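Text of work-v1.csv, listed as CSV, N, CA and C atoms:
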chain,number,residue,atom,x,y,z
D,1075,MET,N,-182.7,-57.1,-5.1
D,1075,MET,CA,-183.5,-55.9,-5.0
D,1075,MET,C,-182.9,-54.7,-5.7
D,1076,GLY,N,-183.5,-54.2,-6.7
D,1076,GLY,CA,-183.0,-53.2,-7.5
D,1076,GLY,C,-183.2,-51.8,-6.9
D,1077,ASN,N,-184.2,-51.6,-6.2
D,1077,ASN,CA,-184.6,-50.3,-5.6
D,1077,ASN,C,-183.9,-50.2,-4.2
D,1078,LYS,N,-182.9,-49.2,-4.1
D,1078,LYS,CA,-182.1,-49.1,-2.9
D,1078,LYS,C,-183.0,-48.6,-1.7
D,1079,HIS,N,-184.0,-47.8,-2.0
D,1079,HIS,CA,-184.9,-47.3,-0.9
D,1079,HIS,C,-185.7,-48.5,-0.3
D,1080,LYS,N,-186.2,-49.3,-1.2
D,1080,LYS,CA,-187.0,-50.4,-0.8
D,1080,LYS,C,-186.2,-51.4,0.0
D,1081,ALA,N,-184.9,-51.6,-0.5
D,1081,ALA,CA,-184.0,-52.5,0.2
D,1081,ALA,C,-183.7,-52.0,1.6
D,1082,LYS,N,-183.6,-50.7,1.8
D,1082,LYS,CA,-183.3,-50.1,3.1
D,1082,LYS,C,-184.5,-50.3,4.0
D,1083,GLY,N,-185.7,-50.1,3.5
D,1083,GLY,CA,-186.9,-50.4,4.2
D,1083,GLY,C,-187.1,-51.8,4.6
D,1084,THR,N,-186.8,-52.7,3.7
D,1084,THR,CA,-186.9,-54.2,4.0
D,1084,THR,C,-185.9,-54.6,5.1
D,1085,THR,N,-184.7,-54.0,5.0
D,1085,THR,CA,-183.7,-54.3,6.0
D,1085,THR,C,-184.1,-53.9,7.4
D,1086,PHE,N,-184.7,-52.7,7.5
D,1086,PHE,CA,-185.2,-52.1,8.7
D,1086,PHE,C,-186.3,-53.0,9.3
D,1087,GLU,N,-187.3,-53.3,8.4
D,1087,GLU,CA,-188.4,-54.1,8.9
D,1087,GLU,C,-188.0,-55.5,9.4
D,1088,THR,N,-187.1,-56.1,8.7
D,1088,THR,CA,-186.5,-57.4,9.1
D,1088,THR,C,-185.8,-57.3,10.4
D,1089,ALA,N,-185.1,-56.2,10.6
D,1089,ALA,CA,-184.4,-56.0,11.9
D,1089,ALA,C,-185.4,-55.8,13.0
D,1090,ILE,N,-186.5,-55.1,12.8
D,1090,ILE,CA,-187.5,-54.8,13.8
D,1090,ILE,C,-188.2,-56.1,14.2
D,1091,VAL,N,-188.5,-57.0,13.2
D,1091,VAL,CA,-189.0,-58.3,13.5
D,1091,VAL,C,-188.1,-59.1,14.4
D,1092,GLY,N,-186.8,-59.1,14.0
D,1092,GLY,CA,-185.8,-59.8,14.9
D,1092,GLY,C,-185.8,-59.2,16.3
D,1093,TYR,N,-185.8,-57.9,16.4
D,1093,TYR,CA,-185.8,-57.3,17.7
D,1093,TYR,C,-187.1,-57.7,18.5
D,1094,LEU,N,-188.2,-57.7,17.9
D,1094,LEU,CA,-189.5,-58.1,18.6
D,1094,LEU,C,-189.4,-59.5,19.0
D,1095,LYS,N,-188.9,-60.4,18.2
D,1095,LYS,CA,-188.7,-61.8,18.6
D,1095,LYS,C,-187.8,-61.9,19.8
D,1096,GLU,N,-186.7,-61.2,19.8
D,1096,GLU,CA,-185.8,-61.2,20.9
D,1096,GLU,C,-186.5,-60.7,22.2
D,1097,GLN,N,-187.5,-59.9,22.1
D,1097,GLN,CA,-188.2,-59.3,23.2
D,1097,GLN,C,-189.5,-60.1,23.6
D,1098,ASP,N,-189.5,-61.4,23.1
D,1098,ASP,CA,-190.6,-62.3,23.5
D,1098,ASP,C,-191.9,-62.1,22.7
D,1099,PHE,N,-191.8,-61.7,21.5
D,1099,PHE,CA,-192.9,-61.6,20.6
D,1099,PHE,C,-192.6,-62.6,19.4
D,1100,PRO,N,-192.7,-63.9,19.7
D,1100,PRO,CA,-192.3,-64.9,18.7
D,1100,PRO,C,-193.1,-65.0,17.4
D,1101,ASN,N,-194.3,-64.4,17.4
D,1101,ASN,CA,-195.1,-64.5,16.2
D,1101,ASN,C,-195.0,-63.3,15.3
D,1102,ALA,N,-194.1,-62.3,15.7
D,1102,ALA,CA,-193.9,-61.1,14.8
D,1102,ALA,C,-193.4,-61.6,13.5
D,1103,ARG,N,-193.9,-61.0,12.4
D,1103,ARG,CA,-193.5,-61.3,11.1
D,1103,ARG,C,-193.8,-60.2,10.1
D,1104,ARG,N,-193.0,-60.1,9.1
D,1104,ARG,CA,-193.2,-59.1,8.0
D,1104,ARG,C,-194.4,-59.6,7.2
D,1105,THR,N,-195.2,-58.7,6.7
D,1105,THR,CA,-196.4,-59.0,5.9
D,1105,THR,C,-196.0,-58.8,4.4
D,1106,ALA,N,-196.8,-59.4,3.5
D,1106,ALA,CA,-196.6,-59.2,2.1
D,1106,ALA,C,-197.2,-57.9,1.7
D,1107,LEU,N,-196.7,-57.3,0.7
D,1107,LEU,CA,-197.2,-56.1,0.2
D,1107,LEU,C,-198.6,-56.4,-0.3
D,1108,ALA,N,-199.6,-55.4,0.0
D,1108,ALA,CA,-201.0,-55.7,-0.4
D,1108,ALA,C,-201.6,-54.5,-1.1
D,1109,GLY,N,-200.8,-53.5,-1.5
D,1109,GLY,CA,-201.4,-52.4,-2.2
D,1109,GLY,C,-202.4,-51.6,-1.4
D,1110,GLU,N,-203.6,-51.4,-1.9
D,1110,GLU,CA,-204.6,-50.6,-1.2
D,1110,GLU,C,-205.1,-51.4,0.0
D,1111,ASN,N,-204.9,-52.7,0.1
D,1111,ASN,CA,-205.3,-53.5,1.2
D,1111,ASN,C,-204.2,-53.7,2.3
D,1112,ASP,N,-203.1,-52.9,2.1
D,1112,ASP,CA,-202.0,-53.0,3.1
D,1112,ASP,C,-202.5,-52.7,4.5
D,1113,SER,N,-202.1,-53.6,5.4
D,1113,SER,CA,-202.5,-53.4,6.8
D,1113,SER,C,-201.2,-53.3,7.7
D,1114,GLY,N,-200.1,-52.8,7.2
D,1114,GLY,CA,-198.9,-52.7,8.0
D,1114,GLY,C,-197.8,-53.5,7.5
D,1115,ASP,N,-196.6,-53.2,8.0
D,1115,ASP,CA,-195.4,-53.9,7.6
D,1115,ASP,C,-195.2,-55.2,8.4
D,1116,ILE,N,-195.6,-55.1,9.7
D,1116,ILE,CA,-195.3,-56.2,10.6
D,1116,ILE,C,-196.6,-56.5,11.4
D,1117,HIS,N,-196.9,-57.8,11.5
D,1117,HIS,CA,-198.1,-58.3,12.2
D,1117,HIS,C,-197.6,-59.4,13.2
D,1118,GLY,N,-198.5,-59.9,14.0
D,1118,GLY,CA,-198.1,-61.1,14.8
D,1118,GLY,C,-198.0,-60.7,16.3
D,1119,VAL,N,-198.1,-59.4,16.6
D,1119,VAL,CA,-198.0,-58.9,18.0
D,1119,VAL,C,-199.5,-58.7,18.4
D,1120,LYS,N,-200.0,-59.7,19.2
D,1120,LYS,CA,-201.4,-59.7,19.5
D,1120,LYS,C,-201.7,-59.7,21.0
D,1121,HIS,N,-202.8,-59.2,21.4
D,1121,HIS,CA,-203.3,-59.3,22.8
D,1121,HIS,C,-204.3,-60.4,22.9
D,1122,PRO,N,-204.5,-61.0,24.0
D,1122,PRO,CA,-205.5,-62.1,24.1
D,1122,PRO,C,-206.9,-61.7,23.7
D,1123,ASP,N,-207.2,-60.4,23.8
D,1123,ASP,CA,-208.5,-60.0,23.4
D,1123,ASP,C,-208.7,-59.8,21.9
D,1124,ALA,N,-207.7,-60.3,21.1
D,1124,ALA,CA,-207.6,-60.3,19.7
D,1124,ALA,C,-207.1,-58.9,19.1
D,1125,THR,N,-206.8,-57.9,19.9
D,1125,THR,CA,-206.2,-56.7,19.3
D,1125,THR,C,-204.9,-57.1,18.7
D,1126,GLU,N,-204.6,-56.6,17.5
D,1126,GLU,CA,-203.3,-56.9,16.9
D,1126,GLU,C,-202.7,-55.5,16.5
D,1127,VAL,N,-201.4,-55.4,16.9
D,1127,VAL,CA,-200.7,-54.2,16.5
D,1127,VAL,C,-200.3,-54.2,15.1
D,1128,ALA,N,-200.7,-53.2,14.3
D,1128,ALA,CA,-200.3,-53.0,12.9
D,1128,ALA,C,-199.1,-52.1,12.9
D,1129,ILE,N,-197.9,-52.6,12.7
D,1129,ILE,CA,-196.7,-51.8,12.8
D,1129,ILE,C,-196.3,-51.4,11.4
D,1130,GLN,N,-196.1,-50.1,11.3
D,1130,GLN,CA,-195.5,-49.5,10.0
D,1130,GLN,C,-194.1,-49.0,10.4
D,1131,CYS,N,-193.1,-49.4,9.5
D,1131,CYS,CA,-191.7,-49.0,9.8
D,1131,CYS,C,-191.3,-48.0,8.8
D,1132,LYS,N,-190.5,-47.0,9.2
D,1132,LYS,CA,-189.9,-46.0,8.4
D,1132,LYS,C,-188.5,-45.8,8.7
D,1133,ASN,N,-187.6,-45.8,7.6
D,1133,ASN,CA,-186.2,-45.6,7.7
D,1133,ASN,C,-185.8,-44.5,6.7
D,1134,GLN,N,-186.1,-43.3,7.0
D,1134,GLN,CA,-185.9,-42.2,6.1
D,1134,GLN,C,-185.2,-41.0,6.8
D,1135,LYS,N,-184.4,-40.2,6.0
D,1135,LYS,CA,-183.7,-39.1,6.6
D,1135,LYS,C,-184.7,-38.0,7.0
D,1136,SER,N,-185.6,-37.7,6.2
D,1136,SER,CA,-186.6,-36.6,6.5
D,1136,SER,C,-187.9,-37.2,7.1
D,1137,PHE,N,-188.3,-36.7,8.1
D,1137,PHE,CA,-189.5,-37.2,8.8
D,1137,PHE,C,-190.8,-36.5,8.3
D,1138,LYS,N,-191.8,-37.4,8.1
D,1138,LYS,CA,-193.2,-36.9,7.7
D,1138,LYS,C,-194.1,-37.6,8.7
D,1139,LEU,N,-194.0,-37.3,10.0
D,1139,LEU,CA,-194.7,-38.1,11.0
D,1139,LEU,C,-196.2,-38.0,10.8
D,1140,SER,N,-196.7,-36.9,10.6
D,1140,SER,CA,-198.2,-36.8,10.4
D,1140,SER,C,-198.7,-37.7,9.3
D,1141,GLU,N,-198.1,-37.5,8.2
D,1141,GLU,CA,-198.4,-38.3,7.0
D,1141,GLU,C,-198.3,-39.8,7.3
D,1142,TRP,N,-197.1,-40.2,7.8
D,1142,TRP,CA,-196.9,-41.6,8.1
D,1142,TRP,C,-197.8,-42.2,9.2
D,1143,LEU,N,-198.1,-41.4,10.2
D,1143,LEU,CA,-199.1,-41.9,11.2
D,1143,LEU,C,-200.5,-42.0,10.6
D,1144,ASN,N,-200.9,-41.1,9.8
D,1144,ASN,CA,-202.2,-41.2,9.1
D,1144,ASN,C,-202.3,-42.5,8.3
D,1145,ASP,N,-201.2,-42.8,7.6
D,1145,ASP,CA,-201.2,-44.0,6.8
D,1145,ASP,C,-201.2,-45.3,7.7
D,1146,THR,N,-200.5,-45.2,8.8
D,1146,THR,CA,-200.5,-46.3,9.8
D,1146,THR,C,-201.9,-46.5,10.4
D,1147,VAL,N,-202.6,-45.5,10.7
D,1147,VAL,CA,-203.9,-45.6,11.3
D,1147,VAL,C,-204.9,-46.2,10.2
D,1148,THR,N,-204.7,-45.8,9.0
D,1148,THR,CA,-205.6,-46.3,7.9
D,1148,THR,C,-205.3,-47.8,7.7
D,1149,GLN,N,-204.0,-48.2,7.7
D,1149,GLN,CA,-203.7,-49.6,7.6
D,1149,GLN,C,-204.2,-50.4,8.7
D,1150,ALA,N,-204.1,-49.9,10.0
D,1150,ALA,CA,-204.5,-50.7,11.1
D,1150,ALA,C,-206.1,-50.9,11.1
D,1151,SER,N,-206.8,-49.9,10.5
D,1151,SER,CA,-208.2,-50.0,10.4
D,1151,SER,C,-208.7,-51.2,9.5
D,1152,LYS,N,-207.8,-51.7,8.8
D,1152,LYS,CA,-208.1,-52.9,7.9
D,1152,LYS,C,-208.1,-54.2,8.6
D,1153,LEU,N,-207.6,-54.2,9.9
D,1153,LEU,CA,-207.6,-55.4,10.7
D,1153,LEU,C,-208.8,-55.3,11.6
D,1154,PRO,N,-209.4,-56.5,12.0
D,1154,PRO,CA,-210.6,-56.4,12.9
D,1154,PRO,C,-210.4,-55.6,14.1
D,1155,LYS,N,-209.3,-55.8,14.8
D,1155,LYS,CA,-209.1,-55.0,16.0
D,1155,LYS,C,-207.6,-54.5,16.0
D,1156,GLY,N,-207.3,-53.7,14.9
D,1156,GLY,CA,-206.0,-53.2,14.7
D,1156,GLY,C,-205.6,-52.0,15.6
D,1157,LEU,N,-204.4,-52.0,16.1
D,1157,LEU,CA,-203.9,-50.9,16.9
D,1157,LEU,C,-202.7,-50.4,16.1
D,1158,PRO,N,-202.7,-49.1,15.7
D,1158,PRO,CA,-201.6,-48.6,14.9
D,1158,PRO,C,-200.4,-48.2,15.7
D,1159,LEU,N,-199.2,-48.6,15.1
D,1159,LEU,CA,-197.9,-48.2,15.7
D,1159,LEU,C,-196.9,-47.9,14.6
D,1160,LEU,N,-196.4,-46.8,14.7
D,1160,LEU,CA,-195.4,-46.3,13.7
D,1160,LEU,C,-194.0,-46.5,14.4
D,1161,VAL,N,-193.1,-47.2,13.7
D,1161,VAL,CA,-191.7,-47.3,14.2
D,1161,VAL,C,-190.8,-46.6,13.3
D,1162,VAL,N,-190.0,-45.6,13.8
D,1162,VAL,CA,-189.2,-44.8,12.9
D,1162,VAL,C,-187.7,-44.9,13.4
D,1163,LYS,N,-186.8,-45.3,12.5
D,1163,LYS,CA,-185.4,-45.4,12.8
D,1163,LYS,C,-184.9,-44.0,13.2
D,1164,ARG,N,-184.1,-44.0,14.3
D,1164,ARG,CA,-183.4,-42.8,14.7
D,1164,ARG,C,-182.2,-42.5,13.8
D,1165,PRO,N,-182.1,-41.3,13.3
D,1165,PRO,CA,-180.9,-41.0,12.5
D,1165,PRO,C,-179.6,-41.2,13.3
D,1166,GLY,N,-178.7,-41.8,12.6
D,1166,GLY,CA,-177.4,-42.0,13.2
D,1166,GLY,C,-177.3,-43.2,14.2
D,1167,LYS,N,-178.3,-43.9,14.3
D,1167,LYS,CA,-178.3,-45.1,15.2
D,1167,LYS,C,-178.3,-46.3,14.3
D,1168,GLY,N,-177.4,-47.2,14.6
D,1168,GLY,CA,-177.2,-48.4,13.7
D,1168,GLY,C,-178.1,-49.6,14.2
D,1169,ALA,N,-177.8,-50.7,13.7
D,1169,ALA,CA,-178.5,-52.0,14.0
D,1169,ALA,C,-178.4,-52.4,15.4
D,1170,SER,N,-177.4,-52.0,16.1
D,1170,SER,CA,-177.2,-52.4,17.5
D,1170,SER,C,-178.1,-51.5,18.4
D,1171,ALA,N,-178.8,-50.5,17.9
D,1171,ALA,CA,-179.6,-49.5,18.7
D,1171,ALA,C,-181.0,-49.5,18.3
D,1172,LEU,N,-181.5,-50.7,17.8
D,1172,LEU,CA,-182.9,-50.8,17.4
D,1172,LEU,C,-183.9,-50.4,18.5
D,1173,GLY,N,-183.6,-50.7,19.7
D,1173,GLY,CA,-184.4,-50.3,20.8
D,1173,GLY,C,-184.6,-48.8,21.0
D,1174,GLU,N,-183.7,-48.1,20.4
D,1174,GLU,CA,-183.8,-46.6,20.5
D,1174,GLU,C,-184.6,-46.0,19.3
D,1175,SER,N,-185.2,-46.8,18.5
D,1175,SER,CA,-186.0,-46.3,17.5
D,1175,SER,C,-187.2,-45.6,18.1
D,1176,TYR,N,-187.8,-44.7,17.4
D,1176,TYR,CA,-189.0,-44.0,17.9
D,1176,TYR,C,-190.2,-44.9,17.6
D,1177,ALA,N,-191.1,-45.0,18.7
D,1177,ALA,CA,-192.4,-45.6,18.6
D,1177,ALA,C,-193.4,-44.5,18.7
D,1178,VAL,N,-194.2,-44.3,17.6
D,1178,VAL,CA,-195.2,-43.2,17.5
D,1178,VAL,C,-196.6,-43.7,17.4
D,1179,MET,N,-197.5,-43.2,18.2
D,1179,MET,CA,-198.9,-43.6,18.1
D,1179,MET,C,-199.7,-42.4,18.6
D,1180,ARG,N,-201.0,-42.5,18.3
D,1180,ARG,CA,-201.9,-41.4,18.8
D,1180,ARG,C,-202.1,-41.6,20.2
D,1181,LEU,N,-202.4,-40.6,20.9
D,1181,LEU,CA,-202.7,-40.7,22.4
D,1181,LEU,C,-203.8,-41.6,22.7
D,1182,GLU,N,-204.9,-41.6,21.9
D,1182,GLU,CA,-206.0,-42.5,22.2
D,1182,GLU,C,-205.6,-43.9,22.0
D,1183,ASP,N,-204.7,-44.3,21.1
D,1183,ASP,CA,-204.3,-45.6,21.0
D,1183,ASP,C,-203.4,-46.0,22.1
D,1184,MET,N,-202.5,-45.1,22.6
D,1184,MET,CA,-201.7,-45.4,23.8
D,1184,MET,C,-202.6,-45.7,25.0
D,1185,VAL,N,-203.6,-44.9,25.2
D,1185,VAL,CA,-204.6,-45.1,26.3
D,1185,VAL,C,-205.2,-46.5,26.2
D,1186,THR,N,-205.6,-46.9,25.0
D,1186,THR,CA,-206.2,-48.2,24.8
D,1186,THR,C,-205.2,-49.3,25.2
D,1187,LEU,N,-203.9,-49.1,24.8
D,1187,LEU,CA,-202.9,-50.1,25.1
D,1187,LEU,C,-202.6,-50.2,26.6
D,1188,LEU,N,-202.5,-49.0,27.2
D,1188,LEU,CA,-202.3,-49.0,28.7
D,1188,LEU,C,-203.4,-49.6,29.5
D,1189,LYS,N,-204.7,-49.3,29.1
D,1189,LYS,CA,-205.8,-49.9,29.7
D,1189,LYS,C,-205.8,-51.4,29.6
D,1190,SER,N,-205.5,-51.9,28.4
D,1190,SER,CA,-205.6,-53.3,28.2
D,1190,SER,C,-204.5,-54.0,28.9
D,1191,ALA,N,-203.4,-53.3,29.3
D,1191,ALA,CA,-202.3,-53.9,30.0
D,1191,ALA,C,-202.6,-53.6,31.5
D,1192,LYS,N,-203.7,-53.1,31.9
D,1192,LYS,CA,-204.1,-52.9,33.3
D,1192,LYS,C,-203.3,-51.8,34.0
D,1193,PHE,N,-202.8,-50.9,33.3
D,1193,PHE,CA,-202.1,-49.7,34.0
D,1193,PHE,C,-203.2,-48.9,34.6
D,1194,THR,N,-202.9,-48.3,35.7
D,1194,THR,CA,-203.8,-47.4,36.4
D,1194,THR,C,-203.1,-46.1,36.8
Is it possible to give me this structure as structure tokens?
Amino acid sequence: MGNKHKAKGTTFETAIVGYLKEQDFPNARRTALAGENDSGDIHGVKHPDATEVAIQCKNQKSFKLSEWLNDTVTQASKLPKGLPLLVVKRPGKGASALGESYAVMRLEDMVTLLKSAKFT
């Protein structure tokens, strides 16, 4: 990989897939780049009702949460029942602290997730 920023992103995405698999999401996988048809960096985390989490990963020093979340929502909309989730690496945290990464989603998506998990 010649592009160091792309390599950094790929490394983070691969690490997140590994973390998800360790957390009992065995179907988590990185997706191929799809240009304008991109539907997230990671797929394979699904609910029995067919909702699939479209995970977008970011490993950058400066945060652009609003922009990144908007892109994540757009990407998730390309799946039949996509639920957008943005995962952002915490600065200063290494590979052993993946669970401390930030998980960012819109409030309405969090409510959907909690309702489907039968939280009351």
Seminar exercise, completed: Between CA of Leu1139 in chain D and atom C of Pro1100 in chain D lies a distance of 27.7 Å
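Between CA of Ser1170 in chain D and CA of Asn1077 in chain D there is a distance of 24.3 Å.
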Exercise. What does the distance between atom N of His1079 in chain D and atom C of Lys1163 in chain D come to in Å, to one decimal place?
Worked result: 15.7 Å
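Ranking D:Asp1112, D:Lys1120, D:Arg1164, D:Phe1099 by their shortest atom-to-atom distance to Ala1150 in chain D, with only N, CA and C atoms included, puts D:Asp1112 first.
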Exercise. What lies within 8 Å of Val1119 in chain D using only N, CA and C atoms, ignoring chain neighbours under 3 positions off, as a VMD selection string?
Worked result: chain D and resid 1099 to 1103 1116 1122 1124 to 1129
Exercise. Hey, what does DSSP flag as helix (DSSP H, G or I) within chain D? Can you give it to me as a PyMOL selection string?
Worked result: chain D and resi 1078-1096+1109-1111+1139-1150+1169-1174+1181-1190
